Number of protein chains: 2
Amino acid sequence: MKAAVMRDRAIVFDQVPEPTPGQGEVLVRTLACGICGSDLHFLRHAPELLAARGPQPVFTTVLDRDIVMGHEFCGEVVGYGPGCRRRLPIGTRVTSVPVGVLGGQVTTVGYSNDLPGGYGELMVLPEASLLEVPEHLATEHAALTEPMAVGLHAVVRGQPQPDHVVLVIGCGPIGLAVIQSLRLHRVHAIVAADYSPRRRELALAMGADVAVDPRRGSPYEKWLELALTGETVPSPLGELFPAAPGLRPALFFECVGVPGVIAEMMEGAPRGARIVVVGACMQEDRFRPMAGINKQLQLDFVLGYSPQEFAATLEHLAAGRLDGAPMITGKVGADGVAQAFVDLGDPERHAKILVEPWR
Amino acid sequence: MKAAVMRDRAIVFDQVPEPTPGQGEVLVRTLACGICGSDLHFLRHAPELLAARGPQPVFTTVLDRDIVMGHEFCGEVVGYGPGCRRRLPIGTRVTSVPVGVLGGQVTTVGYSNDLPGGYGELMVLPEASLLEVPEHLATEHAALTEPMAVGLHAVVRGQPQPDHVVLVIGCGPIGLAVIQSLRLHRVHAIVAADYSPRRRELALAMGADVAVDPRRGSPYEKWLELALTGETVPSPLGELFPAAPGLRPALFFECVGVPGVIAEMMEGAPRGARIVVVGACMQEDRFRPMAGINKQLQLDFVLGYSPQEFAATLEHLAAGRLDGAPMITGKVGADGVAQAFVDLGDPERHAKILVEPWR
């Protein structure tokens, strides 16, 4: 089959063997698959990513074998492996969490040597994971379920309250998905920040109240301006102590994923802020613990979503409560993926490029 | 009055002007004052500490003027400033949160140029903050209210549940206070880790279930050993996916405060761990955000305590529900503070040295 393959730390267009559905697995033809910022990161920083340690190992992928990336997909059922319940007719459009199982090991579809992702024409996916795409939801929008679910999960973990004033740093697809999900959660004051005018436009179109260019003004000062209640609050230490300006609580989202951003947000945050880290910085990073300690900050690192959150996201997209459509800026075949990885480096031109490997 | 003074980045014994109680303030004679690890840190790293930025400035102290440190004190009322209610008779033993107000600014007693701390013979404290020390609580134990309150606050912020397995890295006074407060909260499985045999003995005496020497074994492996439930749990992804060993949830406390410890704990932590950062690392530090992201860790930076937590700690000490006594390893006069700062560098000899500036 045709596929864009990660080989020797580069993306190449090639023919690769078709996958065969095993026990309980379904053969799915890729209709559309988004290129994720994590894929761009992975191409550059795979060794650091694979170095994750701890009691529960995260990845078993090796870099001296091919990897067909692509984990944001919508496809159609084309065949069933043994032991399937065959509950969906051939031709049914589906999406799923990009997770499979191989040799008893959980494996991420799109970051695996053996489970090709959506940059190839065919995938095998566990039947139990498949979600039918509602008829009236366009294939290209259904392919956004995965990144939109990342935003939903991050927002759920951030536990937004109606009085939160939110700051979203970085308006790539994940920042935009966070903004959409904040609106879904009826969070009102959302400050977005990005250096790119096009990304700021998208942020406003997708629900931010204000979009700041950090070259022209501090996002943290804009946050403060919106967070001031105009009242003063007495000191918890007693009446001898000065009252302070009332501030609504702070919920920040890090949606950039490059070194230095977490530290900058910790320095800029007000006391008691919760910072949800969604951006996947794959290098070592620096920070000043005292910035966290003096202000009693909370850093919440998040990843992915639960299967329930993924399914809820698909429902929200189908019902129009979430809409990722404005972020789609281009489509390519499998032979266009390498160039698309380059083109995505320009935020003025692109936010989300979809791969249609059948082209 | 006699005092140990921080001057030109060194501790010197000298005579300094007596403080005068202002409006609503009480003159208090220091009976005992603990030397805190933060004071040792501050002597070395004050410029970094004072560099804290953000919308709400934290410190107004300058280093070219004297600072009389000491914020873990028990004293007695010796006089009242104007406008006091004089609710406590002269001679009443008191403690309080080490916070005052000067020129409309909140100031930390013991890190201020103008509010001397307990390494001097006299302090001025806001009357409204004073707590009477119950008669049967020894002065030296009452002086532990402050560090024990730090432990209580950290544990409250960690939200321990009965099924948590806890890891405390670092068994200095703050680690020991955390351990005591975990016992108060009926948390049962507590793994402590410290390179010092004496500190490990103290950890066990004060409530840890296991004390690990990191030179001989991994605290994270010991944690895992105690956290395994012996059952397996089904995958949230469905029955096709392998069940995983059941693990009790992880609550970690960073009680060291030197560079590299947060990163080490993030690498060693299991998925979903909450890491409460109590140790005050004053230098810039490094970490790998992906360790946090892959395992969805939560970092909770904490500082101090609320006035309510401070008062509750004093009550717990008076009732014997908290007991910091084993950590007291020495006493000095104001002229012994400089040497005590040196001696505290040897964890085999010392944990908590009390200053008695009246000596």
# chains A, B, ... in the order shown; residues from 1 in each chain; ligands from 1

$ residues_around --residues "stretch 71-83 of chain A" --least-positions-apart "4" --cutoff "8 Å" --atoms "only C-alpha atoms" --output "PyMOL selection string"
chain A and resi 20-36+88-96+98+109-110+117-118+139-140+142-147

$ write_last_selection --atoms "N, CA and C atoms" --output "short mmCIF file (atom, residue, chain, number, x, y, z; two decimals), in the first residue's frame"
data_model
loop_
_atom_site.label_atom_id
_atom_site.label_comp_id
_atom_site.auth_asym_id
_atom_site.auth_seq_id
_atom_site.Cartn_x
_atom_site.Cartn_y
_atom_site.Cartn_z
N THR A 20 -2.47 -6.86 8.28
CA THR A 20 -3.48 -7.92 8.30
C THR A 20 -4.20 -7.88 9.64
N PRO A 21 -5.53 -7.81 9.62
CA PRO A 21 -6.23 -7.73 10.91
C PRO A 21 -6.14 -9.06 11.67
N GLY A 22 -5.73 -8.97 12.93
CA GLY A 22 -5.65 -10.16 13.77
C GLY A 22 -6.95 -10.37 14.53
N GLN A 23 -6.87 -11.19 15.55
CA GLN A 23 -8.01 -11.53 16.40
C GLN A 23 -8.69 -10.26 16.93
N GLY A 24 -9.97 -10.10 16.62
CA GLY A 24 -10.72 -8.95 17.15
C GLY A 24 -10.39 -7.64 16.47
N GLU A 25 -9.64 -7.70 15.35
CA GLU A 25 -9.22 -6.46 14.69
C GLU A 25 -9.94 -6.26 13.35
N VAL A 26 -10.01 -5.01 12.95
CA VAL A 26 -10.73 -4.63 11.74
C VAL A 26 -9.73 -3.97 10.78
N LEU A 27 -9.88 -4.28 9.49
CA LEU A 27 -9.09 -3.58 8.48
C LEU A 27 -9.86 -2.32 8.08
N VAL A 28 -9.19 -1.19 8.20
CA VAL A 28 -9.84 0.11 7.96
C VAL A 28 -9.05 0.86 6.89
N ARG A 29 -9.77 1.37 5.89
CA ARG A 29 -9.13 2.18 4.86
C ARG A 29 -9.16 3.64 5.32
N THR A 30 -8.01 4.28 5.31
CA THR A 30 -7.93 5.67 5.76
C THR A 30 -8.61 6.59 4.77
N LEU A 31 -9.52 7.41 5.26
CA LEU A 31 -10.16 8.42 4.41
C LEU A 31 -9.48 9.78 4.58
N ALA A 32 -9.15 10.11 5.81
CA ALA A 32 -8.46 11.38 6.10
C ALA A 32 -7.74 11.24 7.42
N CYS A 33 -6.56 11.84 7.49
CA CYS A 33 -5.78 11.76 8.74
C CYS A 33 -5.03 13.06 8.93
N GLY A 34 -5.26 13.71 10.06
CA GLY A 34 -4.59 14.97 10.33
C GLY A 34 -3.12 14.78 10.68
N ILE A 35 -2.31 15.78 10.30
CA ILE A 35 -0.91 15.81 10.73
C ILE A 35 -0.86 16.57 12.05
N CYS A 36 -0.34 15.91 13.06
CA CYS A 36 -0.32 16.45 14.42
C CYS A 36 1.04 17.07 14.71
N LEU A 88 -20.51 -3.52 12.55
CA LEU A 88 -20.62 -2.42 11.58
C LEU A 88 -20.46 -2.98 10.17
N PRO A 89 -21.40 -2.65 9.23
CA PRO A 89 -21.28 -3.14 7.85
C PRO A 89 -20.01 -2.61 7.18
N ILE A 90 -19.51 -3.39 6.22
CA ILE A 90 -18.40 -2.92 5.38
C ILE A 90 -18.79 -1.58 4.78
N GLY A 91 -17.86 -0.65 4.76
CA GLY A 91 -18.14 0.68 4.22
C GLY A 91 -18.52 1.70 5.27
N THR A 92 -18.79 1.24 6.52
CA THR A 92 -19.14 2.19 7.59
C THR A 92 -17.95 3.10 7.88
N ARG A 93 -18.23 4.39 7.97
CA ARG A 93 -17.16 5.33 8.35
C ARG A 93 -16.95 5.26 9.86
N VAL A 94 -15.69 5.21 10.26
CA VAL A 94 -15.37 5.04 11.68
C VAL A 94 -14.20 5.94 12.07
N THR A 95 -14.11 6.17 13.37
CA THR A 95 -12.89 6.72 13.96
C THR A 95 -12.64 5.94 15.24
N SER A 96 -11.49 6.13 15.85
CA SER A 96 -11.23 5.45 17.14
C SER A 96 -10.03 6.08 17.80
N PRO A 98 -6.39 6.03 18.89
CA PRO A 98 -5.32 5.42 18.10
C PRO A 98 -4.49 4.45 18.94
N VAL A 109 -1.21 3.50 17.77
CA VAL A 109 -1.30 3.51 16.31
C VAL A 109 -0.73 4.85 15.83
N GLY A 110 0.25 4.78 14.95
CA GLY A 110 0.87 6.01 14.45
C GLY A 110 2.22 6.29 15.07
N GLY A 117 -0.19 3.88 10.96
CA GLY A 117 -1.18 4.92 11.21
C GLY A 117 -1.79 5.43 9.92
N GLY A 118 -2.46 6.54 10.01
CA GLY A 118 -3.29 7.05 8.94
C GLY A 118 -2.54 7.73 7.81
N THR A 139 -16.32 13.71 6.73
CA THR A 139 -15.13 12.91 7.01
C THR A 139 -14.00 13.77 7.55
N GLU A 140 -13.76 14.90 6.91
CA GLU A 140 -12.62 15.74 7.34
C GLU A 140 -12.84 16.30 8.75
N ALA A 142 -14.67 14.67 11.07
CA ALA A 142 -14.54 13.51 11.96
C ALA A 142 -13.08 13.21 12.26
N ALA A 143 -12.19 13.51 11.29
CA ALA A 143 -10.76 13.28 11.50
C ALA A 143 -10.19 14.22 12.57
N LEU A 144 -10.96 15.24 12.93
CA LEU A 144 -10.50 16.15 13.99
C LEU A 144 -10.88 15.67 15.38
N THR A 145 -11.58 14.53 15.45
CA THR A 145 -12.00 14.04 16.78
C THR A 145 -10.81 13.93 17.73
N GLU A 146 -9.71 13.38 17.22
CA GLU A 146 -8.57 13.14 18.11
C GLU A 146 -8.00 14.44 18.69
N PRO A 147 -7.59 15.42 17.86
CA PRO A 147 -7.05 16.65 18.48
C PRO A 147 -8.10 17.39 19.31
#

$ residues_around --residues "B:Glu231" --least-positions-apart "2" --cutoff "12 Å" --atoms "only C-alpha atoms" --output "list in words"
Ala227, Leu228, Thr229, Val233, Pro234, Ala243, Ala244, Pro245, Gly246, Leu247 and Arg248 of chain B

$ select_by_dssp --residues "stretch 231-338 of chain A" --states "strand (DSSP E)" --output "list in words"
Glu231, Thr232, Val233, Ala244, Pro245, Gly246, Leu247, Ala250, Leu251, Phe252, Phe253, Glu254, Arg274, Ile275, Val276, Val277, Asp285, Arg286, Phe287, Gln298, Leu299, Asp300, Phe301, Ile328, Thr329, Gly330, Lys331 and Val332 of chain A

$ write_last_selection --atoms "N, CA, C and O atoms" --output "compact mmCIF listing (two decimals), in the first residue's frame"
# COMPACT_ATOMS: atom_id res chain seq x y z
N GLU A 231 -12.99 44.95 43.08
CA GLU A 231 -13.20 45.02 44.53
C GLU A 231 -11.87 44.77 45.24
O GLU A 231 -10.90 44.36 44.62
N THR A 232 -11.83 45.03 46.54
CA THR A 232 -10.65 44.64 47.32
C THR A 232 -11.08 43.57 48.30
O THR A 232 -12.23 43.53 48.75
N VAL A 233 -10.14 42.67 48.58
CA VAL A 233 -10.46 41.57 49.50
C VAL A 233 -9.61 41.72 50.76
O VAL A 233 -8.44 42.06 50.69
N ALA A 244 -6.19 43.41 49.44
CA ALA A 244 -5.57 43.26 48.12
C ALA A 244 -6.63 43.40 47.04
O ALA A 244 -7.81 43.19 47.30
N PRO A 245 -6.20 43.76 45.82
CA PRO A 245 -7.20 43.82 44.74
C PRO A 245 -7.79 42.44 44.52
O PRO A 245 -7.06 41.44 44.52
N GLY A 246 -9.08 42.35 44.36
CA GLY A 246 -9.73 41.07 44.10
C GLY A 246 -9.37 40.56 42.71
O GLY A 246 -9.39 41.32 41.75
N LEU A 247 -9.00 39.31 42.63
CA LEU A 247 -8.66 38.68 41.35
C LEU A 247 -9.49 37.43 41.17
O LEU A 247 -9.64 36.64 42.10
N ALA A 250 -7.03 31.90 38.34
CA ALA A 250 -6.28 31.76 37.08
C ALA A 250 -6.19 30.31 36.65
O ALA A 250 -5.84 29.43 37.45
N LEU A 251 -6.51 30.08 35.39
CA LEU A 251 -6.33 28.77 34.78
C LEU A 251 -5.59 29.01 33.47
O LEU A 251 -6.11 29.69 32.58
N PHE A 252 -4.36 28.48 33.40
CA PHE A 252 -3.51 28.70 32.22
C PHE A 252 -3.35 27.38 31.46
O PHE A 252 -3.29 26.31 32.09
N PHE A 253 -3.24 27.47 30.15
CA PHE A 253 -2.96 26.30 29.32
C PHE A 253 -1.69 26.54 28.51
O PHE A 253 -1.62 27.52 27.75
N GLU A 254 -0.74 25.63 28.65
CA GLU A 254 0.50 25.69 27.87
C GLU A 254 0.27 24.84 26.63
O GLU A 254 0.20 23.62 26.73
N ARG A 274 -3.43 27.53 38.32
CA ARG A 274 -3.24 26.17 37.82
C ARG A 274 -2.79 26.27 36.37
O ARG A 274 -3.44 26.94 35.56
N ILE A 275 -1.69 25.62 36.05
CA ILE A 275 -1.16 25.64 34.68
C ILE A 275 -1.28 24.23 34.12
O ILE A 275 -0.64 23.30 34.62
N VAL A 276 -2.13 24.06 33.13
CA VAL A 276 -2.28 22.76 32.48
C VAL A 276 -1.31 22.70 31.31
O VAL A 276 -1.35 23.55 30.42
N VAL A 277 -0.41 21.72 31.35
CA VAL A 277 0.62 21.60 30.32
C VAL A 277 0.16 20.59 29.28
O VAL A 277 0.14 19.39 29.52
N ASP A 285 14.09 20.86 29.83
CA ASP A 285 13.65 22.24 29.99
C ASP A 285 14.18 22.77 31.32
O ASP A 285 14.64 22.01 32.17
N ARG A 286 14.15 24.08 31.47
CA ARG A 286 14.59 24.71 32.71
C ARG A 286 13.45 25.46 33.35
O ARG A 286 12.57 25.96 32.65
N PHE A 287 13.46 25.54 34.66
CA PHE A 287 12.48 26.37 35.35
C PHE A 287 13.02 26.73 36.72
O PHE A 287 14.04 26.21 37.17
N GLN A 298 0.18 25.23 40.61
CA GLN A 298 -0.06 23.81 40.33
C GLN A 298 0.20 23.57 38.85
O GLN A 298 -0.34 24.28 38.00
N LEU A 299 1.06 22.60 38.56
CA LEU A 299 1.33 22.21 37.17
C LEU A 299 0.67 20.87 36.92
O LEU A 299 0.98 19.89 37.58
N ASP A 300 -0.24 20.86 35.96
CA ASP A 300 -0.96 19.64 35.62
C ASP A 300 -0.53 19.20 34.24
O ASP A 300 -0.89 19.85 33.25
N PHE A 301 0.25 18.14 34.15
CA PHE A 301 0.67 17.64 32.85
C PHE A 301 -0.40 16.68 32.34
O PHE A 301 -0.81 15.77 33.07
N ILE A 328 -8.69 23.63 9.52
CA ILE A 328 -8.21 22.85 8.37
C ILE A 328 -7.75 23.80 7.27
O ILE A 328 -8.54 24.59 6.75
N THR A 329 -6.47 23.72 6.92
CA THR A 329 -5.91 24.68 5.96
C THR A 329 -5.34 24.00 4.72
O THR A 329 -4.83 24.68 3.83
N GLY A 330 -5.38 22.67 4.65
CA GLY A 330 -4.84 22.02 3.45
C GLY A 330 -5.05 20.52 3.48
O GLY A 330 -5.36 19.94 4.53
N LYS A 331 -4.91 19.90 2.29
CA LYS A 331 -5.04 18.45 2.15
C LYS A 331 -3.94 17.97 1.20
O LYS A 331 -3.64 18.65 0.21
N VAL A 332 -3.37 16.81 1.50
CA VAL A 332 -2.32 16.24 0.64
C VAL A 332 -2.53 14.73 0.53
O VAL A 332 -3.23 14.13 1.36

$ atom_distance --atom1 "atom CA of A:Tyr305" --atom2 "atom CA of A:Ala319"
19.7 Å

$ residues_around --residues "A:Val278" --least-positions-apart "2" --cutoff "10 Å" --atoms "only C-alpha atoms" --output "list in words"
Val150, Gly151, His153, Ala154, Val155, Ile174, Gly175, Val178, Phe253, Glu254, Cys255, Val256, Gly257, Ile275, Val276, Ala280, Cys281, Asp300, Phe301, Val302, Leu303 and Gly304 of chain A; Ile293 and Gln296 of chain B

$ closest_atom_pairs --of "chain B" --to "chain A" --cutoff "8 Å" --atoms "only C-alpha atoms" --output "Markdown table"
| residue | atom | partner | partner_atom | distance |
| --- | --- | --- | --- | --- |
| B:Gly24 | CA | A:Leu240 | CA | 7.4 |
| B:Leu49 | CA | A:Met290 | CA | 6.9 |
| B:Ala52 | CA | A:Ala291 | CA | 6.1 |
| B:Arg53 | CA | A:Glu267 | CA | 5.9 |
| B:Gly54 | CA | A:Gly268 | CA | 4.9 |
| B:Pro55 | CA | A:Pro270 | CA | 5.8 |
| B:Gln56 | CA | A:Pro270 | CA | 6.6 |
| B:Val58 | CA | A:Asn294 | CA | 7.3 |
| B:Gly100 | CA | A:Phe241 | CA | 7.7 |
| B:Val101 | CA | A:Phe241 | CA | 6.1 |
| B:Gly104 | CA | A:Pro242 | CA | 6.0 |
| B:Gln105 | CA | A:Pro242 | CA | 7.0 |
| B:Val106 | CA | A:Phe241 | CA | 6.6 |
| B:Pro126 | CA | A:Leu240 | CA | 7.5 |
| B:Ala128 | CA | A:Gly238 | CA | 6.8 |
| B:Ser129 | CA | A:Leu237 | CA | 7.3 |
| B:Tyr220 | CA | A:Pro55 | CA | 7.9 |
| B:Glu221 | CA | A:Pro55 | CA | 7.7 |
| B:Leu224 | CA | A:Pro55 | CA | 7.5 |
| B:Pro236 | CA | A:Pro307 | CA | 7.4 |
| B:Leu237 | CA | A:Pro307 | CA | 6.7 |
| B:Gly238 | CA | A:Ala128 | CA | 6.8 |
| B:Leu240 | CA | A:Val101 | CA | 7.3 |
| B:Phe241 | CA | A:Val101 | CA | 6.1 |
| B:Pro242 | CA | A:Gly104 | CA | 6.0 |
| B:Glu267 | CA | A:Gly54 | CA | 5.5 |
| B:Gly268 | CA | A:Gly54 | CA | 4.8 |
| B:Ala269 | CA | A:Gly54 | CA | 6.1 |
| B:Pro270 | CA | A:Pro55 | CA | 5.8 |
| B:Arg271 | CA | A:Gln56 | CA | 7.5 |
| B:Val277 | CA | A:Ile293 | CA | 7.5 |
| B:Val278 | CA | A:Ile293 | CA | 7.6 |
| B:Ala280 | CA | A:Met290 | CA | 6.5 |
| B:Cys281 | CA | A:Pro289 | CA | 6.0 |
| B:Met282 | CA | A:Met290 | CA | 5.8 |
| B:Gln283 | CA | A:Arg288 | CA | 6.6 |
| B:Glu284 | CA | A:Arg288 | CA | 4.6 |
| B:Asp285 | CA | A:Phe287 | CA | 5.4 |
| B:Arg286 | CA | A:Arg286 | CA | 4.4 |
| B:Phe287 | CA | A:Asp285 | CA | 5.4 |
| B:Arg288 | CA | A:Glu284 | CA | 4.6 |
| B:Pro289 | CA | A:Cys281 | CA | 6.0 |
| B:Met290 | CA | A:Met282 | CA | 5.8 |
| B:Ala291 | CA | A:Ala52 | CA | 6.1 |
| B:Gly292 | CA | A:Phe301 | CA | 5.5 |
| B:Ile293 | CA | A:Phe301 | CA | 4.8 |
| B:Asn294 | CA | A:Leu303 | CA | 6.3 |
| B:Lys295 | CA | A:Leu303 | CA | 7.7 |
| B:Gln296 | CA | A:Val302 | CA | 4.7 |
| B:Leu297 | CA | A:Phe301 | CA | 5.4 |
| B:Gln298 | CA | A:Asp300 | CA | 4.6 |
| B:Leu299 | CA | A:Leu299 | CA | 4.9 |
| B:Asp300 | CA | A:Gln298 | CA | 4.6 |
| B:Phe301 | CA | A:Ile293 | CA | 4.8 |
| B:Val302 | CA | A:Gln296 | CA | 4.7 |
| B:Leu303 | CA | A:Ile293 | CA | 5.6 |
| B:Ser306 | CA | A:Pro236 | CA | 7.9 |
| B:Pro307 | CA | A:Leu237 | CA | 6.6 |

$ closest_residue --among "A:Ala193, A:Phe341, A:Leu137, A:Val165" --to "A:Gly217" --atoms "only C-alpha atoms"
A:Ala193

$ residues_around --residues "B:Gly207" --least-positions-apart "3" --cutoff "7 Å" --atoms "only C-alpha atoms" --output "PDB file with all heavy atoms, in the first residue's frame"
ATOM      1  N   ILE B 179       5.803  13.713  57.443  1.00  0.00           N
ATOM      2  CA  ILE B 179       5.527  12.347  57.906  1.00  0.00           C
ATOM      3  C   ILE B 179       4.585  12.366  59.112  1.00  0.00           C
ATOM      4  O   ILE B 179       3.606  11.613  59.168  1.00  0.00           O
ATOM      5  CB  ILE B 179       6.854  11.625  58.238  1.00  0.00           C
ATOM      6  CG1 ILE B 179       7.621  11.321  56.943  1.00  0.00           C
ATOM      7  CG2 ILE B 179       6.605  10.352  59.047  1.00  0.00           C
ATOM      8  CD1 ILE B 179       9.063  10.885  57.146  1.00  0.00           C
ATOM      9  N   GLN B 180       4.859  13.265  60.066  1.00  0.00           N
ATOM     10  CA  GLN B 180       3.981  13.362  61.239  1.00  0.00           C
ATOM     11  C   GLN B 180       2.555  13.713  60.824  1.00  0.00           C
ATOM     12  O   GLN B 180       1.594  13.140  61.329  1.00  0.00           O
ATOM     13  CB  GLN B 180       4.517  14.446  62.181  1.00  0.00           C
ATOM     14  CG  GLN B 180       5.544  13.945  63.162  1.00  0.00           C
ATOM     15  CD  GLN B 180       4.868  13.291  64.367  1.00  0.00           C
ATOM     16  OE1 GLN B 180       4.143  13.933  65.107  1.00  0.00           O
ATOM     17  NE2 GLN B 180       5.108  11.995  64.545  1.00  0.00           N
ATOM     18  N   ARG B 183       0.661  10.856  59.332  1.00  0.00           N
ATOM     19  CA  ARG B 183       0.120   9.956  60.366  1.00  0.00           C
ATOM     20  C   ARG B 183      -1.140  10.550  60.984  1.00  0.00           C
ATOM     21  O   ARG B 183      -2.107   9.839  61.247  1.00  0.00           O
ATOM     22  CB  ARG B 183       1.165   9.681  61.469  1.00  0.00           C
ATOM     23  CG  ARG B 183       2.365   8.885  61.011  1.00  0.00           C
ATOM     24  CD  ARG B 183       2.049   7.730  60.089  1.00  0.00           C
ATOM     25  NE  ARG B 183       1.449   6.563  60.696  1.00  0.00           N
ATOM     26  CZ  ARG B 183       2.008   5.357  60.736  1.00  0.00           C
ATOM     27  NH1 ARG B 183       3.211   5.157  60.240  1.00  0.00           N
ATOM     28  NH2 ARG B 183       1.395   4.333  61.257  1.00  0.00           N
ATOM     29  N   ALA B 203      12.947   9.399  60.807  1.00  0.00           N
ATOM     30  CA  ALA B 203      11.745   9.193  59.978  1.00  0.00           C
ATOM     31  C   ALA B 203      10.929   8.026  60.518  1.00  0.00           C
ATOM     32  O   ALA B 203       9.695   8.111  60.625  1.00  0.00           O
ATOM     33  CB  ALA B 203      12.143   8.950  58.528  1.00  0.00           C
ATOM     34  N   LEU B 204      11.610   6.954  60.870  1.00  0.00           N
ATOM     35  CA  LEU B 204      10.891   5.789  61.417  1.00  0.00           C
ATOM     36  C   LEU B 204      10.298   6.128  62.779  1.00  0.00           C
ATOM     37  O   LEU B 204       9.148   5.783  63.069  1.00  0.00           O
ATOM     38  CB  LEU B 204      11.836   4.587  61.515  1.00  0.00           C
ATOM     39  CG  LEU B 204      12.298   4.009  60.158  1.00  0.00           C
ATOM     40  CD1 LEU B 204      13.417   2.981  60.365  1.00  0.00           C
ATOM     41  CD2 LEU B 204      11.132   3.382  59.393  1.00  0.00           C
TER      42      LEU B 204
END

$ select_by_dssp --residues "stretch 128-186 of chain B" --states "helix (DSSP H, G or I)" --output "PyMOL selection string"
chain B and resi 128-129+139-142+145-158+173-184

$ closest_residue --among "A:Ala311, A:Ala46, A:Val355, A:Met148" --to "A:Gln339" --atoms "only C-alpha atoms"
A:Val355

$ residues_around --residues "A:Pro347" --least-positions-apart "3" --cutoff "10 Å" --atoms "only C-alpha atoms" --output "PyMOL selection string"
chain A and resi 171-172+194-199+343-344+350-352

$ write_last_selection --atoms "N, CA and C atoms" --output "compact mmCIF listing (two decimals), in the first residue's frame"
# COMPACT_ATOMS: atom_id res chain seq x y z
N CYS A 171 -1.64 29.07 19.90
CA CYS A 171 -2.91 28.86 19.20
C CYS A 171 -2.73 27.97 17.97
N GLY A 172 -1.90 26.94 18.09
CA GLY A 172 -1.89 25.87 17.11
C GLY A 172 -3.15 25.03 17.30
N ASP A 194 -0.52 34.30 20.70
CA ASP A 194 0.29 33.65 19.66
C ASP A 194 0.99 34.75 18.86
N TYR A 195 2.21 34.45 18.41
CA TYR A 195 2.94 35.42 17.59
C TYR A 195 2.33 35.58 16.20
N SER A 196 1.59 34.58 15.74
CA SER A 196 1.09 34.58 14.36
C SER A 196 -0.26 35.29 14.25
N PRO A 197 -0.36 36.29 13.36
CA PRO A 197 -1.65 36.96 13.16
C PRO A 197 -2.75 35.98 12.72
N ARG A 198 -2.40 35.03 11.84
CA ARG A 198 -3.39 34.07 11.34
C ARG A 198 -3.90 33.21 12.49
N ARG A 199 -2.99 32.78 13.36
CA ARG A 199 -3.40 31.96 14.50
C ARG A 199 -4.27 32.75 15.47
N ASP A 343 5.73 22.63 5.38
CA ASP A 343 4.78 23.74 5.26
C ASP A 343 4.14 24.10 6.60
N LEU A 344 3.96 23.10 7.46
CA LEU A 344 3.33 23.36 8.76
C LEU A 344 4.22 24.23 9.66
N HIS A 350 -0.53 27.58 7.51
CA HIS A 350 -1.21 26.35 7.87
C HIS A 350 -1.45 26.20 9.36
N ALA A 351 -2.55 25.50 9.69
CA ALA A 351 -2.80 25.06 11.07
C ALA A 351 -2.90 23.53 11.06
N LYS A 352 -3.86 23.00 10.31
CA LYS A 352 -4.04 21.54 10.25
C LYS A 352 -4.09 21.10 8.79

$ residues_around --residues "A:Ile67" --least-positions-apart "5" --cutoff "12 Å" --atoms "only C-alpha atoms" --output "VMD selection string"
chain A and resid 3 to 14 16 39 42 to 43 46 61 to 62 108 to 120

$ atom_distance --atom1 "atom CA of A:Gly320" --atom2 "atom CA of A:Ile190"
20.3 Å

$ atom_distance --atom1 "atom CA of A:Asp163" --atom2 "atom CA of A:Pro249"
6.8 Å

$ closest_residue --among "B:Leu226, B:Val133, B:Leu167, B:Cys84" --to "B:Ala208" --atoms "only C-alpha atoms"
B:Leu167

$ closest_residue --among "B:Ala334, B:Ile353, B:Trp223, B:Leu130" --to "B:Met1" --atoms "only C-alpha atoms"
B:Ala334
